[in-house]
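**Q** Here you go, final_13.tsv (TSV, C-alpha atoms):
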```
chain	number	residue	atom	x	y	z
A	1	MET	CA	-3.55	104.87	27.69
A	2	THR	CA	-4.09	108.14	29.60
A	3	VAL	CA	-6.35	108.84	32.56
A	4	THR	CA	-8.69	110.81	30.37
A	5	GLU	CA	-9.28	107.94	28.02
A	6	ILE	CA	-9.94	105.53	30.88
A	7	THR	CA	-12.47	107.94	32.34
A	8	SER	CA	-14.22	108.38	29.06
A	9	LYS	CA	-14.61	104.61	28.54
A	10	ARG	CA	-15.94	104.15	32.07
A	11	GLY	CA	-18.47	106.82	31.40
A	12	LYS	CA	-20.05	105.02	28.48
A	13	THR	CA	-23.41	103.49	28.97
A	14	GLU	CA	-24.63	100.05	27.94
A	15	ASP	CA	-26.16	101.45	24.80
A	16	ASP	CA	-22.86	102.95	23.75
A	17	ARG	CA	-21.20	99.52	23.99
A	18	ASP	CA	-23.85	97.93	21.78
A	19	ALA	CA	-23.36	100.65	19.23
A	20	SER	CA	-19.62	99.93	18.93
A	21	ARG	CA	-20.10	96.11	18.64
A	22	SER	CA	-19.57	94.66	15.17
A	23	VAL	CA	-22.43	93.41	13.13
A	24	GLU	CA	-22.88	89.63	13.44
A	25	PRO	CA	-25.53	87.32	12.02
A	26	GLU	CA	-28.44	86.38	14.15
A	27	THR	CA	-27.98	82.58	13.89
A	28	ARG	CA	-24.63	80.83	13.25
A	29	GLU	CA	-24.69	77.37	11.54
A	30	PRO	CA	-21.62	75.10	11.92
A	31	ILE	CA	-19.55	74.80	8.76
A	32	ARG	CA	-19.38	71.12	7.71
A	33	PRO	CA	-17.29	69.80	4.81
A	34	ARG	CA	-19.38	68.31	2.05
A	35	THR	CA	-19.24	64.52	2.38
A	36	PRO	CA	-18.58	62.77	-0.99
A	37	ILE	CA	-20.85	59.88	-0.19
A	38	ILE	CA	-21.30	58.54	-3.73
A	39	PRO	CA	-17.59	58.50	-4.67
A	40	PHE	CA	-16.84	56.92	-1.33
A	41	LEU	CA	-19.44	54.22	-1.94
A	42	ILE	CA	-18.12	53.55	-5.43
A	43	THR	CA	-14.60	53.14	-4.11
A	44	LEU	CA	-15.81	51.02	-1.22
A	45	ALA	CA	-17.77	48.75	-3.55
A	46	ALA	CA	-14.76	48.31	-5.82
A	47	VAL	CA	-12.50	47.52	-2.88
A	48	ALA	CA	-15.03	45.09	-1.44
A	49	LEU	CA	-15.41	43.28	-4.75
A	50	ALA	CA	-11.66	43.15	-5.17
A	51	GLY	CA	-11.28	41.77	-1.67
A	52	LEU	CA	-13.89	39.09	-2.33
A	53	LEU	CA	-12.36	37.95	-5.59
A	54	GLY	CA	-8.86	38.24	-4.21
A	55	TRP	CA	-9.88	36.12	-1.24
A	56	ALA	CA	-11.23	33.43	-3.55
A	57	MET	CA	-8.11	33.53	-5.69
A	58	TRP	CA	-5.78	33.56	-2.68
A	59	GLY	CA	-7.56	30.69	-0.98
A	60	ALA	CA	-7.46	28.63	-4.13
A	61	ILE	CA	-3.81	29.44	-4.71
A	62	TRP	CA	-2.79	28.31	-1.24
A	63	ALA	CA	-4.68	25.07	-1.59
A	64	ARG	CA	-1.98	22.59	-2.38
A	65	ARG	CA	-1.83	20.02	-5.08
A	66	GLY	CA	-4.30	17.37	-3.98
A	67	HIS	CA	-3.53	13.71	-3.67
A	68	GLY	CA	-5.70	12.82	-0.71
A	69	THR	CA	-9.35	12.11	-0.37
A	70	ARG	CA	-10.61	15.20	1.47
A	71	PRO	CA	-12.15	17.81	-0.85
A	72	CYS	CA	-10.99	21.40	-0.56
A	73	ALA	CA	-13.33	24.13	0.60
A	74	PRO	CA	-13.01	26.79	-2.08
A	75	MET	CA	-13.80	29.86	0.02
A	76	SER	CA	-12.20	29.11	3.35
A	77	SER	CA	-9.67	31.36	4.97
A	78	PRO	CA	-6.25	31.13	3.37
A	79	TRP	CA	-4.43	31.17	6.70
A	80	ARG	CA	-6.58	28.40	8.05
A	81	ARG	CA	-6.17	26.53	4.80
A	82	ARG	CA	-2.41	26.83	4.94
A	83	SER	CA	-2.13	25.53	8.47
A	84	ARG	CA	-4.56	22.73	7.72
A	85	ASP	CA	-2.73	21.65	4.62
A	86	ALA	CA	0.47	21.29	6.59
A	87	SER	CA	-0.96	18.16	8.19
A	88	SER	CA	-3.19	16.82	5.44
A	89	SER	CA	-3.89	17.34	1.78
A	90	CYS	CA	-7.06	17.81	-0.20
A	91	THR	CA	-8.32	16.76	-3.61
A	92	SER	CA	-9.67	19.15	-6.15
A	93	SER	CA	-9.15	19.61	-9.84
A	94	THR	CA	-9.39	23.34	-9.39
A	95	THR	CA	-6.73	23.38	-6.71
A	96	SER	CA	-4.49	21.20	-8.83
A	97	THR	CA	-4.97	23.67	-11.63
A	98	PHE	CA	-4.06	26.51	-9.33
A	99	ALA	CA	-1.06	24.63	-8.08
A	100	ARG	CA	0.04	24.50	-11.69
A	101	VAL	CA	-0.65	28.20	-12.03
A	102	ILE	CA	1.62	29.23	-9.18
A	103	SER	CA	4.47	26.88	-10.03
A	104	LEU	CA	7.40	29.19	-10.48
A	105	MET	CA	9.45	26.93	-12.71
A	106	VAL	CA	8.96	23.54	-14.32
A	107	ILE	CA	11.76	21.45	-15.78
A	108	ASP	CA	11.07	20.14	-19.25
A	109	PRO	CA	10.32	16.41	-18.77
A	110	THR	CA	10.75	15.45	-22.42
A	111	ASN	CA	14.30	14.12	-22.08
A	112	TYR	CA	13.41	12.12	-18.98
A	113	LYS	CA	10.32	10.68	-20.65
A	114	ILE	CA	12.46	9.64	-23.60
A	115	ALA	CA	14.98	8.03	-21.25
A	116	VAL	CA	12.19	6.15	-19.48
A	117	SER	CA	10.79	4.97	-22.80
A	118	GLN	CA	14.21	3.81	-23.91
A	119	ALA	CA	14.74	1.95	-20.65
A	120	GLU	CA	11.33	0.30	-20.91
A	121	ALA	CA	12.09	-0.69	-24.50
A	122	ALA	CA	15.40	-2.16	-23.33
A	123	VAL	CA	13.55	-4.13	-20.66
A	124	GLN	CA	11.08	-5.47	-23.18
A	125	GLN	CA	13.88	-6.33	-25.57
A	126	ALA	CA	15.76	-8.19	-22.86
A	127	GLN	CA	12.61	-10.05	-21.82
A	128	ALA	CA	11.96	-11.04	-25.42
A	129	SER	CA	15.55	-12.19	-25.73
A	130	VAL	CA	15.20	-14.27	-22.57
A	131	GLN	CA	12.04	-15.86	-23.91
A	132	SER	CA	13.77	-16.61	-27.21
A	133	ILE	CA	16.72	-18.20	-25.46
A	134	GLU	CA	14.39	-20.23	-23.25
A	135	ALA	CA	12.67	-21.49	-26.38
A	136	GLN	CA	16.06	-22.36	-27.83
A	137	MET	CA	16.87	-24.20	-24.62
A	138	THR	CA	13.68	-26.22	-24.95
A	139	VAL	CA	14.66	-27.13	-28.50
A	140	GLN	CA	18.13	-28.05	-27.30
A	141	GLN	CA	16.70	-30.27	-24.60
A	142	ALA	CA	14.55	-32.05	-27.18
A	143	GLN	CA	17.62	-32.45	-29.39
A	144	ILE	CA	19.56	-33.85	-26.46
A	145	SER	CA	16.80	-36.34	-25.81
A	146	ALA	CA	16.82	-37.37	-29.48
A	147	ASN	CA	20.62	-37.73	-29.39
A	148	GLN	CA	20.35	-39.81	-26.25
A	149	ALA	CA	17.85	-42.11	-27.99
A	150	GLN	CA	20.15	-42.40	-30.99
A	151	LEU	CA	22.99	-43.28	-28.66
A	152	ASP	CA	20.92	-45.99	-27.00
A	153	GLN	CA	19.94	-47.30	-30.41
A	154	ALA	CA	23.57	-47.32	-31.58
A	155	GLN	CA	24.65	-49.11	-28.41
A	156	ALA	CA	22.00	-51.80	-28.93
A	157	ALA	CA	23.00	-52.18	-32.59
A	158	LEU	CA	26.66	-52.39	-31.56
A	159	VAL	CA	25.94	-55.17	-29.09
A	160	PHE	CA	24.10	-57.10	-31.78
A	161	ALA	CA	26.89	-56.43	-34.28
A	162	GLN	CA	29.48	-57.65	-31.78
A	163	GLN	CA	27.47	-60.83	-31.25
A	164	GLN	CA	27.07	-61.34	-35.00
A	165	ALA	CA	30.74	-60.70	-35.70
A	166	ALA	CA	31.83	-63.12	-32.96
A	167	ARG	CA	29.36	-65.71	-34.17
A	168	TYR	CA	30.40	-65.60	-37.83
A	169	GLN	CA	34.10	-65.47	-37.02
A	170	ASP	CA	33.66	-68.60	-34.93
A	171	LEU	CA	31.76	-70.29	-37.75
A	172	ALA	CA	34.40	-69.27	-40.27
A	173	GLN	CA	37.18	-70.64	-38.07
A	174	LYS	CA	35.28	-73.91	-37.71
A	175	GLY	CA	34.66	-74.04	-41.46
A	176	ALA	CA	30.92	-74.01	-41.00
A	177	GLY	CA	30.49	-70.48	-42.26
A	178	SER	CA	31.81	-68.43	-45.10
A	179	VAL	CA	34.66	-65.93	-44.69
A	180	GLN	CA	32.56	-63.38	-46.56
A	181	ASN	CA	29.90	-63.41	-43.87
A	182	ALA	CA	32.56	-63.08	-41.17
A	183	GLN	CA	34.06	-60.06	-42.93
A	184	GLN	CA	30.61	-58.56	-43.53
A	185	PHE	CA	29.61	-58.69	-39.88
A	186	THR	CA	33.03	-57.47	-38.81
A	187	SER	CA	32.44	-54.48	-41.06
A	188	GLN	CA	28.99	-53.98	-39.57
A	189	LEU	CA	30.60	-54.04	-36.15
A	190	HIS	CA	32.93	-51.22	-37.14
A	191	GLN	CA	30.03	-49.26	-38.62
A	192	GLN	CA	28.05	-49.59	-35.44
A	193	GLU	CA	31.05	-48.47	-33.39
A	194	ALA	CA	31.34	-45.42	-35.63
A	195	ALA	CA	27.60	-44.76	-35.30
A	196	LEU	CA	27.94	-45.00	-31.51
A	197	GLN	CA	30.76	-42.46	-31.53
A	198	THR	CA	28.69	-40.16	-33.74
A	199	ALA	CA	25.73	-40.40	-31.38
A	200	GLN	CA	27.98	-39.66	-28.40
A	201	ALA	CA	29.47	-36.64	-30.19
A	202	ASN	CA	26.00	-35.34	-31.05
A	203	LEU	CA	24.91	-35.73	-27.47
A	204	GLU	CA	27.91	-33.83	-26.12
A	205	SER	CA	27.43	-31.09	-28.72
A	206	GLY	CA	23.77	-30.66	-27.77
A	207	ALA	CA	24.65	-30.55	-24.08
A	208	ALA	CA	27.30	-27.90	-24.73
A	209	ALA	CA	24.84	-25.80	-26.80
A	210	SER	CA	22.29	-26.10	-24.02
A	211	ARG	CA	24.82	-24.89	-21.45
A	212	VAL	CA	25.69	-21.91	-23.67
A	213	ALA	CA	22.02	-21.03	-24.11
A	214	GLU	CA	21.44	-21.32	-20.38
A	215	GLY	CA	24.34	-18.96	-19.67
A	216	ALA	CA	23.06	-16.47	-22.22
A	217	ALA	CA	19.58	-16.62	-20.71
A	218	HIS	CA	21.03	-16.03	-17.25
A	219	GLU	CA	22.98	-13.03	-18.55
A	220	ARG	CA	19.93	-11.59	-20.32
A	221	ARG	CA	17.86	-12.03	-17.16
A	222	GLY	CA	20.46	-9.97	-15.32
A	223	ASP	CA	20.34	-7.33	-18.05
A	224	SER	CA	16.58	-7.30	-17.87
A	225	ARG	CA	16.58	-6.80	-14.11
A	226	ALA	CA	19.17	-4.02	-14.38
A	227	SER	CA	17.18	-2.29	-17.13
A	228	HIS	CA	14.04	-2.62	-15.07
A	229	ARG	CA	15.76	-1.03	-12.06
A	230	ARG	CA	17.06	1.83	-14.23
A	231	SER	CA	13.61	2.30	-15.72
A	232	SER	CA	11.99	2.39	-12.27
A	233	THR	CA	14.58	4.86	-11.00
A	234	ARG	CA	14.07	7.20	-13.97
A	235	ARG	CA	10.29	6.96	-13.69
A	236	ARG	CA	10.55	8.04	-10.04
B	1	MET	CA	-6.02	29.86	-22.69
B	2	ARG	CA	-4.91	26.92	-20.65
B	3	PHE	CA	-2.63	26.63	-17.62
B	4	ALA	CA	0.35	25.50	-19.64
B	5	GLU	CA	3.78	26.67	-18.65
B	6	ILE	CA	5.32	29.35	-20.81
B	7	ASP	CA	8.62	28.57	-22.48
B	8	LEU	CA	10.75	31.64	-21.75
B	9	PHE	CA	14.17	31.09	-23.32
B	10	GLY	CA	14.15	27.44	-22.35
B	11	VAL	CA	12.78	27.96	-18.84
B	12	TYR	CA	9.16	27.21	-18.15
B	13	VAL	CA	7.70	30.03	-16.05
B	14	ALA	CA	4.39	30.19	-14.25
B	15	PRO	CA	1.41	31.25	-16.34
B	16	ILE	CA	0.30	33.53	-13.51
B	17	SER	CA	3.16	35.87	-14.42
B	18	LEU	CA	1.69	36.36	-17.88
B	19	MET	CA	-1.72	36.86	-16.33
B	20	MET	CA	-0.39	39.50	-13.97
B	21	VAL	CA	1.21	41.42	-16.83
B	22	GLY	CA	-1.95	41.11	-18.91
B	23	ALA	CA	-4.12	42.28	-16.03
B	24	TRP	CA	-1.80	45.24	-15.50
B	25	LEU	CA	-2.08	46.25	-19.16
B	26	ALA	CA	-5.85	45.87	-19.03
B	27	THR	CA	-5.97	48.01	-15.91
B	28	ILE	CA	-3.90	50.72	-17.60
B	29	ALA	CA	-6.34	50.74	-20.52
B	30	LEU	CA	-9.33	50.89	-18.19
B	31	ARG	CA	-7.74	53.71	-16.19
B	32	ARG	CA	-7.14	55.78	-19.30
B	33	LEU	CA	-10.68	55.13	-20.44
B	34	ALA	CA	-12.06	56.17	-17.09
B	35	SER	CA	-9.83	59.23	-16.98
B	36	ARG	CA	-10.94	60.42	-20.41
B	37	SER	CA	-14.58	59.86	-19.73
B	38	GLY	CA	-14.28	61.59	-16.35
B	39	LEU	CA	-15.32	58.63	-14.27
B	40	LEU	CA	-12.34	59.00	-11.99
B	41	ARG	CA	-13.77	62.29	-10.72
B	42	TYR	CA	-16.59	60.33	-9.11
B	43	VAL	CA	-14.14	58.18	-7.16
B	44	TRP	CA	-13.12	59.04	-3.65
B	45	HIS	CA	-9.57	57.59	-3.83
B	46	PRO	CA	-8.39	57.05	-7.43
B	47	ALA	CA	-5.25	55.08	-6.60
B	48	LEU	CA	-7.14	52.71	-4.32
B	49	PHE	CA	-9.85	52.33	-6.93
B	50	VAL	CA	-7.33	51.49	-9.66
B	51	PHE	CA	-5.65	48.94	-7.44
B	52	ALA	CA	-9.04	47.37	-6.71
B	53	VAL	CA	-9.76	47.23	-10.43
B	54	TYR	CA	-6.43	45.50	-11.00
B	55	ILE	CA	-7.23	42.87	-8.38
B	56	ILE	CA	-10.69	42.40	-9.86
B	57	VAL	CA	-9.34	41.93	-13.37
B	58	LEU	CA	-6.58	39.54	-12.29
B	59	SER	CA	-8.67	37.36	-9.99
B	60	SER	CA	-11.57	37.24	-12.43
B	61	TRP	CA	-9.26	36.17	-15.21
B	62	ILE	CA	-7.69	33.44	-13.11
B	63	LEU	CA	-11.00	32.16	-11.75
B	64	ILE	CA	-12.61	32.10	-15.20
B	65	VAL	CA	-9.68	30.31	-16.79
B	66	ALA	CA	-9.56	27.84	-13.90
B	67	ARG	CA	-13.26	27.07	-14.24
B	68	TRP	CA	-12.98	26.78	-18.01
B	69	SER	CA	-9.97	24.55	-17.98
B	70	SER	CA	-11.32	22.27	-15.23
B	71	SER	CA	-14.63	21.66	-17.01
```
How does this structure look as structure tokens?
**A**
Amino acid sequence: MTVTEITSKRGKTEDDRDASRSVEPETREPIRPRTPIIPFLITLAAVALAGLLGWAMWGAIWARRGHGTRPCAPMSSPWRRRSRDASSSCTSSTTSTFARVISLMVIDPTNYKIAVSQAEAAVQQAQASVQSIEAQMTVQQAQISANQAQLDQAQAALVFAQQQAARYQDLAQKGAGSVQNAQQFTSQLHQQEAALQTAQANLESGAAASRVAEGAAHERRGDSRASHRRSSTRRR
Amino acid sequence: MRFAEIDLFGVYVAPISLMMVGAWLATIALRRLASRSGLLRYVWHPALFVFAVYIIVLSSWILIVARWSSS
């Protein structure tokens, strides 16, 4: 810039400066971006509704499977619910349903149910077998009692037959009685001895059968208890 | 529909997985519908809005099925 130009600019008056100023509007309004209030409200409403429903779903999902007595509050905070459920549980059919919803994997219980049913059937069969054997034991005891009575009867008859045989042999030796009677009562004595042996054999046979039935019942009771333990273990 | 486990090749998976997939498909259909009809132009944040719609569909489905199956 030369000295001449500086001098010429200093020489300008105030009016000359106004004349060279650019044209500007009288009033300037600040430029504001147009606020999309309705789209924003629509989005906000959708997000709020989603948050509300998600809160309800989340709170219900974190409620654990209930087996206590305290009912679950359906809309409480999930974080509070989670910490509270660590110490106690709550009861609600809805929460149980949700617990089923969020179960990641469930093992098919059909085979285990079948095994439990088979074990229970085995227990019932063993119990029925024990009852049957106990009934057989009762019958055996009655048979033993009858055999014992027969033995007593045979012993009494044998004593009388011995007395008769001795009596008629004495009479026959003295000539006061017939030989036929002596032989007849001797024969009766032998018959009564045989009857006594038969009664003794029957009694021993009944006692042996009773011991066998008792052993079988003891074994079946053991089987029944083992089956019951297996059934209880599988049910657990 | 009930909350019965789904047999997936011998493994029972959670029914919520099926619900999530179904809600996702429903949200896709709703988004296309809204896009064709021009409703998405009246939304401030389309991605946020679609995510909110997905949550609404999923939670509503689960809550309705839970109420229906418990009654």
**Q** Measuring between only C-alpha atoms, which one of A:Ala154, A:Leu41, A:Ala56, A:Ala146 shows the shortest distance to Ala207 in chain A?
**A**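 Using only C-alpha atoms, the shortest distance to Ala207 in chain A belongs to A:Ala146.
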**Q** Compare B:Phe51, B:Trp24, B:Tyr12, B:Trp68 by their minimum atom-to-atom distance to chain A, counting all atoms listed in the file, and give me the closest one.
**A**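 Distance minimum relative to chain A lands on B:Tyr12.
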**Q** Would you list which chain B residues are within 9 Å of chain A using all atoms listed in the file, as an mmCIF file with C-alpha atoms, in the frame of the given file?
**A**
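Output contents, as saved in result-v7.cif:
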```
data_model
loop_
_atom_site.group_PDB
_atom_site.id
_atom_site.type_symbol
_atom_site.label_atom_id
_atom_site.label_comp_id
_atom_site.auth_asym_id
_atom_site.auth_seq_id
_atom_site.Cartn_x
_atom_site.Cartn_y
_atom_site.Cartn_z
ATOM 1 C CA PHE B 3 -2.630 26.630 -17.620
ATOM 2 C CA ALA B 4 0.350 25.500 -19.640
ATOM 3 C CA GLU B 5 3.780 26.670 -18.650
ATOM 4 C CA GLY B 10 14.150 27.440 -22.350
ATOM 5 C CA VAL B 11 12.780 27.960 -18.840
ATOM 6 C CA TYR B 12 9.160 27.210 -18.150
ATOM 7 C CA VAL B 13 7.700 30.030 -16.050
ATOM 8 C CA ALA B 14 4.390 30.190 -14.250
ATOM 9 C CA PRO B 15 1.410 31.250 -16.340
ATOM 10 C CA ILE B 16 0.300 33.530 -13.510
ATOM 11 C CA SER B 17 3.160 35.870 -14.420
ATOM 12 C CA ARG B 41 -13.770 62.290 -10.720
ATOM 13 C CA TYR B 42 -16.590 60.330 -9.110
ATOM 14 C CA VAL B 43 -14.140 58.180 -7.160
ATOM 15 C CA TRP B 44 -13.120 59.040 -3.650
ATOM 16 C CA HIS B 45 -9.570 57.590 -3.830
ATOM 17 C CA PRO B 46 -8.390 57.050 -7.430
ATOM 18 C CA LEU B 48 -7.140 52.710 -4.320
ATOM 19 C CA PHE B 49 -9.850 52.330 -6.930
ATOM 20 C CA VAL B 50 -7.330 51.490 -9.660
ATOM 21 C CA PHE B 51 -5.650 48.940 -7.440
ATOM 22 C CA ALA B 52 -9.040 47.370 -6.710
ATOM 23 C CA VAL B 53 -9.760 47.230 -10.430
ATOM 24 C CA TYR B 54 -6.430 45.500 -11.000
ATOM 25 C CA ILE B 55 -7.230 42.870 -8.380
ATOM 26 C CA ILE B 56 -10.690 42.400 -9.860
ATOM 27 C CA VAL B 57 -9.340 41.930 -13.370
ATOM 28 C CA LEU B 58 -6.580 39.540 -12.290
ATOM 29 C CA SER B 59 -8.670 37.360 -9.990
ATOM 30 C CA SER B 60 -11.570 37.240 -12.430
ATOM 31 C CA ILE B 62 -7.690 33.440 -13.110
ATOM 32 C CA LEU B 63 -11.000 32.160 -11.750
ATOM 33 C CA ALA B 66 -9.560 27.840 -13.900
ATOM 34 C CA ARG B 67 -13.260 27.070 -14.240
ATOM 35 C CA SER B 69 -9.970 24.550 -17.980
ATOM 36 C CA SER B 70 -11.320 22.270 -15.230
#
```
**Q** What does the structure give for the distance between CA of Arg220 in chain A and CA of Val130 in chain A, in Å to one decimal?
**A** 5.9 Å
**Q** Just how far from CA of Asp152 in chain A is CA of Leu171 in chain A, in Å to one decimal?
**A**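 So the answer is 28.7 Å.
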**Q** What's the separation between CA of Thr233 in chain A and CA of Ala128 in chain A, in Å to one decimal place?
**A**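 These atoms are spaced 21.6 Å apart.
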**Q** Just need the box for range 7-25 of chain B, edges along x, y and z, holding every atom the file lists for it with 5 Å tacked onto each side, so centre and edge lengths in Å to one decimal, as lines of an AutoDock Vina configuration file.
**A**
```
center_x = 5.0
center_y = 36.7
center_z = -18.4
size_x = 28.3
size_y = 29.0
size_z = 19.8
```
